[in-house]
file target10.csv (CSV, C-alpha atoms)
chain,number,residue,atom,x,y,z
A,1,MET,CA,-16.4,207.9,234.8
A,2,ARG,CA,-13.8,209.0,232.2
A,3,ALA,CA,-14.7,209.8,228.6
A,4,GLN,CA,-13.0,206.7,227.2
A,5,GLU,CA,-14.9,204.5,229.6
A,6,ALA,CA,-18.1,206.1,228.5
A,7,VAL,CA,-17.2,205.4,224.8
A,8,VAL,CA,-16.5,201.7,225.6
A,9,LYS,CA,-19.8,201.4,227.5
A,10,ARG,CA,-21.7,203.0,224.6
A,11,ILE,CA,-20.2,200.8,221.9
A,12,ILE,CA,-21.0,197.7,224.0
A,13,GLU,CA,-24.5,198.9,224.6
A,14,LEU,CA,-25.1,199.6,220.9
A,15,CYS,CA,-23.8,196.2,219.8
A,16,SER,CA,-25.8,194.4,222.4
A,17,ASP,CA,-29.0,196.3,221.4
A,18,ARG,CA,-28.4,195.4,217.8
A,19,LYS,CA,-27.2,191.8,218.6
A,20,ILE,CA,-24.1,192.3,216.5
A,21,SER,CA,-20.5,191.2,217.3
A,22,TYR,CA,-17.6,193.7,217.6
A,23,ASN,CA,-16.1,192.1,214.5
A,24,HIS,CA,-19.3,192.8,212.6
A,25,LEU,CA,-19.4,196.3,213.8
A,26,ALA,CA,-15.9,196.8,212.5
A,27,TYR,CA,-16.9,195.3,209.1
A,28,ILE,CA,-20.1,197.5,208.7
A,29,SER,CA,-18.1,200.6,209.8
A,30,ALA,CA,-15.0,200.0,207.6
A,31,VAL,CA,-12.9,200.2,210.8
A,32,PRO,CA,-10.1,197.6,211.3
A,33,PRO,CA,-11.2,194.9,213.8
A,34,SER,CA,-8.0,195.6,215.7
A,35,THR,CA,-9.1,199.2,216.2
A,36,VAL,CA,-12.4,198.2,217.7
A,37,LYS,CA,-10.6,195.6,219.9
A,38,ASN,CA,-8.1,198.2,221.1
A,39,ILE,CA,-10.9,200.6,222.0
A,40,LEU,CA,-12.8,197.9,223.9
A,41,ASN,CA,-9.9,196.4,225.8
A,42,GLY,CA,-8.5,199.8,226.8
A,43,SER,CA,-5.4,199.8,224.7
A,44,SER,CA,-6.7,202.9,223.0
A,45,ASN,CA,-6.9,205.8,225.5
A,46,ASN,CA,-8.2,208.4,223.1
A,47,THR,CA,-10.6,207.3,220.5
A,48,GLY,CA,-10.7,209.8,217.7
A,49,ILE,CA,-13.9,211.5,216.5
A,50,VAL,CA,-13.4,210.2,213.0
A,51,THR,CA,-13.3,206.6,214.3
A,52,ILE,CA,-16.5,207.3,216.3
A,53,ALA,CA,-18.1,208.8,213.3
A,54,LYS,CA,-17.3,205.7,211.2
A,55,LEU,CA,-18.8,203.5,213.9
A,56,CYS,CA,-21.9,205.6,214.1
A,57,ASN,CA,-22.3,205.4,210.3
A,58,GLY,CA,-22.0,201.6,210.5
A,59,LEU,CA,-24.6,201.6,213.3
A,60,GLY,CA,-26.9,203.9,211.4
A,61,ILE,CA,-26.9,206.6,214.0
A,62,THR,CA,-25.6,210.2,214.2
A,63,VAL,CA,-22.6,211.2,216.3
A,64,THR,CA,-25.0,213.3,218.4
A,65,GLU,CA,-27.1,210.1,219.1
A,66,PHE,CA,-23.9,208.3,220.1
A,67,PHE,CA,-23.1,211.0,222.8
A,68,GLU,CA,-26.7,211.6,223.9
A,69,THR,CA,-26.6,209.3,227.0
A,70,GLU,CA,-26.5,209.8,230.7
A,71,ASN,CA,-22.9,208.5,230.9
A,72,PHE,CA,-21.7,211.4,228.7
A,73,ARG,CA,-23.9,214.0,230.4
A,74,GLU,CA,-22.3,213.1,233.8
A,75,LEU,CA,-18.7,213.0,232.7
A,76,GLU,CA,-16.1,214.4,235.1
A,77,GLN,CA,-13.9,217.1,233.8
A,78,GLU,CA,-10.6,215.5,232.7
A,79,ILE,CA,-7.4,217.5,233.0
A,80,MET,CA,-4.5,216.0,231.1
call {"tool": "encode", "arguments": {"input": "target10.csv", "output": "structure tokens"}}
result
Amino acid sequence: MRAQEAVVKRIIELCSDRKISYNHLAYISAVPPSTVKNILNGSSNNTGIVTIAKLCNGLGITVTEFFETENFRELEQEIM
């Protein structure tokens, strides 16, 4: 799994757990809905840490908590 795929899966998981829509996530995180949409549909290939931090703030979790999952622990090394 690539890093961006793990980010998408984590956002989907967190929204599902909290029973919130992606638009609501955008609203509570002060991130444009188009940004969240682009992340989730794969148009954004490199989600920045500032955006992830804003999403985490809206979700009430730390950035560390966002990345503390098996998907991120098992990431393959990406060479660009």
call {"tool": "closest_residue", "arguments": {"input": "target10.csv", "among": "A:Val8, A:Ile52, A:Ile20, A:Val63", "to": "Asn38 of chain A", "atoms": "all atoms listed in the file"}}
result
A:Val8
call {"tool": "residues_around", "arguments": {"input": "target10.csv", "residues": "Asn45 of chain A", "least_positions_apart": "3", "cutoff": "12 Å", "atoms": "only C-alpha atoms", "output": "count of residues only"}}
result
15
call {"tool": "atom_distance", "arguments": {"input": "target10.csv", "atom1": "atom CA of Ala30 of chain A", "atom2": "atom CA of Leu55 of chain A"}}
result
8.1 Å
call {"tool": "atom_distance", "arguments": {"input": "target10.csv", "atom1": "atom CA of Glu70 of chain A", "atom2": "atom CA of Pro33 of chain A"}}
result
27.2 Å
call {"tool": "atom_distance", "arguments": {"input": "target10.csv", "atom1": "atom CA of Lys19 of chain A", "atom2": "atom CA of Glu74 of chain A"}}
result
26.6 Å
call {"tool": "residues_around", "arguments": {"input": "target10.csv", "residues": "Pro32 of chain A", "least_positions_apart": "6", "cutoff": "12 Å", "atoms": "only C-alpha atoms", "output": "PyMOL selection string"}}
result
chain A and resi 22-26+38-39+51+54-55
call {"tool": "closest_residue", "arguments": {"input": "target10.csv", "among": "A:Val50, A:Ile11, A:Asp17, A:Arg73", "to": "Lys37 of chain A", "atoms": "all atoms listed in the file"}}
result
A:Ile11
call {"tool": "closest_residue", "arguments": {"input": "target10.csv", "among": "A:Thr64, A:Ser34, A:Phe72, A:Leu59", "to": "Ser16 of chain A", "atoms": "all atoms listed in the file"}}
result
A:Leu59
call {"tool": "decode", "arguments": {"input": "target10.csv", "residues": "chain A", "atoms": "C-alpha atoms", "output": "PDB file, in the first residue's frame"}}
result
ATOM      1  CA  MET A   1       0.000   0.000   0.000  1.00  0.00           C
ATOM      2  CA  ARG A   2       1.181   3.494  -0.811  1.00  0.00           C
ATOM      3  CA  ALA A   3       1.175   6.330   1.722  1.00  0.00           C
ATOM      4  CA  GLN A   4      -1.606   8.270  -0.017  1.00  0.00           C
ATOM      5  CA  GLU A   5      -3.818   5.166  -0.051  1.00  0.00           C
ATOM      6  CA  ALA A   6      -3.236   4.761   3.691  1.00  0.00           C
ATOM      7  CA  VAL A   7      -4.216   8.412   4.262  1.00  0.00           C
ATOM      8  CA  VAL A   8      -7.461   7.906   2.331  1.00  0.00           C
ATOM      9  CA  LYS A   9      -8.301   4.711   4.215  1.00  0.00           C
ATOM     10  CA  ARG A  10      -7.620   6.410   7.549  1.00  0.00           C
ATOM     11  CA  ILE A  11      -9.869   9.389   6.755  1.00  0.00           C
ATOM     12  CA  ILE A  12     -12.668   7.060   5.637  1.00  0.00           C
ATOM     13  CA  GLU A  13     -12.246   4.973   8.790  1.00  0.00           C
ATOM     14  CA  LEU A  14     -12.305   8.002  11.101  1.00  0.00           C
ATOM     15  CA  CYS A  15     -15.385   9.502   9.434  1.00  0.00           C
ATOM     16  CA  SER A  16     -17.175   6.162   9.583  1.00  0.00           C
ATOM     17  CA  ASP A  17     -16.317   5.678  13.268  1.00  0.00           C
ATOM     18  CA  ARG A  18     -17.673   9.143  14.075  1.00  0.00           C
ATOM     19  CA  LYS A  19     -20.619   8.839  11.684  1.00  0.00           C
ATOM     20  CA  ILE A  20     -19.791  12.122   9.953  1.00  0.00           C
ATOM     21  CA  SER A  21     -19.815  13.009   6.283  1.00  0.00           C
ATOM     22  CA  TYR A  22     -16.762  14.170   4.399  1.00  0.00           C
ATOM     23  CA  ASN A  23     -18.370  17.589   4.007  1.00  0.00           C
ATOM     24  CA  HIS A  24     -18.836  17.809   7.758  1.00  0.00           C
ATOM     25  CA  LEU A  25     -15.210  16.807   8.261  1.00  0.00           C
ATOM     26  CA  ALA A  26     -14.190  19.629   5.953  1.00  0.00           C
ATOM     27  CA  TYR A  27     -16.374  22.077   7.878  1.00  0.00           C
ATOM     28  CA  ILE A  28     -15.132  21.137  11.374  1.00  0.00           C
ATOM     29  CA  SER A  29     -11.535  21.110  10.135  1.00  0.00           C
ATOM     30  CA  ALA A  30     -11.659  24.432   8.256  1.00  0.00           C
ATOM     31  CA  VAL A  31     -10.487  22.653   5.107  1.00  0.00           C
ATOM     32  CA  PRO A  32     -12.214  23.345   1.790  1.00  0.00           C
ATOM     33  CA  PRO A  33     -14.624  20.527   0.873  1.00  0.00           C
ATOM     34  CA  SER A  34     -12.917  20.335  -2.523  1.00  0.00           C
ATOM     35  CA  THR A  35      -9.627  19.513  -0.780  1.00  0.00           C
ATOM     36  CA  VAL A  36     -11.189  16.634   1.150  1.00  0.00           C
ATOM     37  CA  LYS A  37     -12.898  15.434  -2.049  1.00  0.00           C
ATOM     38  CA  ASN A  38      -9.606  15.569  -3.981  1.00  0.00           C
ATOM     39  CA  ILE A  39      -7.828  13.578  -1.279  1.00  0.00           C
ATOM     40  CA  LEU A  40     -10.511  10.903  -1.203  1.00  0.00           C
ATOM     41  CA  ASN A  41     -10.936  10.521  -4.962  1.00  0.00           C
ATOM     42  CA  GLY A  42      -7.204  10.339  -5.631  1.00  0.00           C
ATOM     43  CA  SER A  43      -6.808  13.688  -7.384  1.00  0.00           C
ATOM     44  CA  SER A  44      -4.401  14.750  -4.640  1.00  0.00           C
ATOM     45  CA  ASN A  45      -1.349  12.510  -4.710  1.00  0.00           C
ATOM     46  CA  ASN A  46       0.529  14.141  -1.857  1.00  0.00           C
ATOM     47  CA  THR A  47      -1.601  15.322   1.046  1.00  0.00           C
ATOM     48  CA  GLY A  48       0.397  17.829   3.054  1.00  0.00           C
ATOM     49  CA  ILE A  49       1.007  17.491   6.766  1.00  0.00           C
ATOM     50  CA  VAL A  50      -0.676  20.854   7.417  1.00  0.00           C
ATOM     51  CA  THR A  51      -3.881  19.561   5.829  1.00  0.00           C
ATOM     52  CA  ILE A  52      -3.651  16.321   7.808  1.00  0.00           C
ATOM     53  CA  ALA A  53      -3.068  18.344  10.993  1.00  0.00           C
ATOM     54  CA  LYS A  54      -6.197  20.424  10.296  1.00  0.00           C
ATOM     55  CA  LEU A  55      -8.237  17.272   9.716  1.00  0.00           C
ATOM     56  CA  CYS A  56      -6.895  15.807  12.944  1.00  0.00           C
ATOM     57  CA  ASN A  57      -7.797  18.973  14.825  1.00  0.00           C
ATOM     58  CA  GLY A  58     -11.343  18.778  13.493  1.00  0.00           C
ATOM     59  CA  LEU A  59     -11.550  15.116  14.496  1.00  0.00           C
ATOM     60  CA  GLY A  60     -10.155  15.814  17.956  1.00  0.00           C
ATOM     61  CA  ILE A  61      -7.113  13.571  17.552  1.00  0.00           C
ATOM     62  CA  THR A  62      -3.383  14.166  17.352  1.00  0.00           C
ATOM     63  CA  VAL A  63      -1.349  13.703  14.204  1.00  0.00           C
ATOM     64  CA  THR A  64       0.389  10.832  15.992  1.00  0.00           C
ATOM     65  CA  GLU A  65      -2.975   9.148  16.560  1.00  0.00           C
ATOM     66  CA  PHE A  66      -3.798   9.585  12.878  1.00  0.00           C
ATOM     67  CA  PHE A  67      -0.662   7.711  11.827  1.00  0.00           C
ATOM     68  CA  GLU A  68      -0.689   5.042  14.584  1.00  0.00           C
ATOM     69  CA  THR A  69      -2.344   2.318  12.541  1.00  0.00           C
ATOM     70  CA  GLU A  70      -1.247  -0.936  11.012  1.00  0.00           C
ATOM     71  CA  ASN A  71      -1.612   0.512   7.502  1.00  0.00           C
ATOM     72  CA  PHE A  72       1.055   3.120   8.194  1.00  0.00           C
ATOM     73  CA  ARG A  73       3.336   0.669  10.024  1.00  0.00           C
ATOM     74  CA  GLU A  74       3.345  -1.615   6.988  1.00  0.00           C
ATOM     75  CA  LEU A  75       3.925   0.999   4.289  1.00  0.00           C
ATOM     76  CA  GLU A  76       6.285   0.085   1.514  1.00  0.00           C
ATOM     77  CA  GLN A  77       9.236   2.375   0.926  1.00  0.00           C
ATOM     78  CA  GLU A  78       8.300   4.766  -1.864  1.00  0.00           C
ATOM     79  CA  ILE A  79      10.992   6.058  -4.169  1.00  0.00           C
ATOM     80  CA  MET A  80       9.954   8.984  -6.293  1.00  0.00           C
TER      81      MET A  80
END
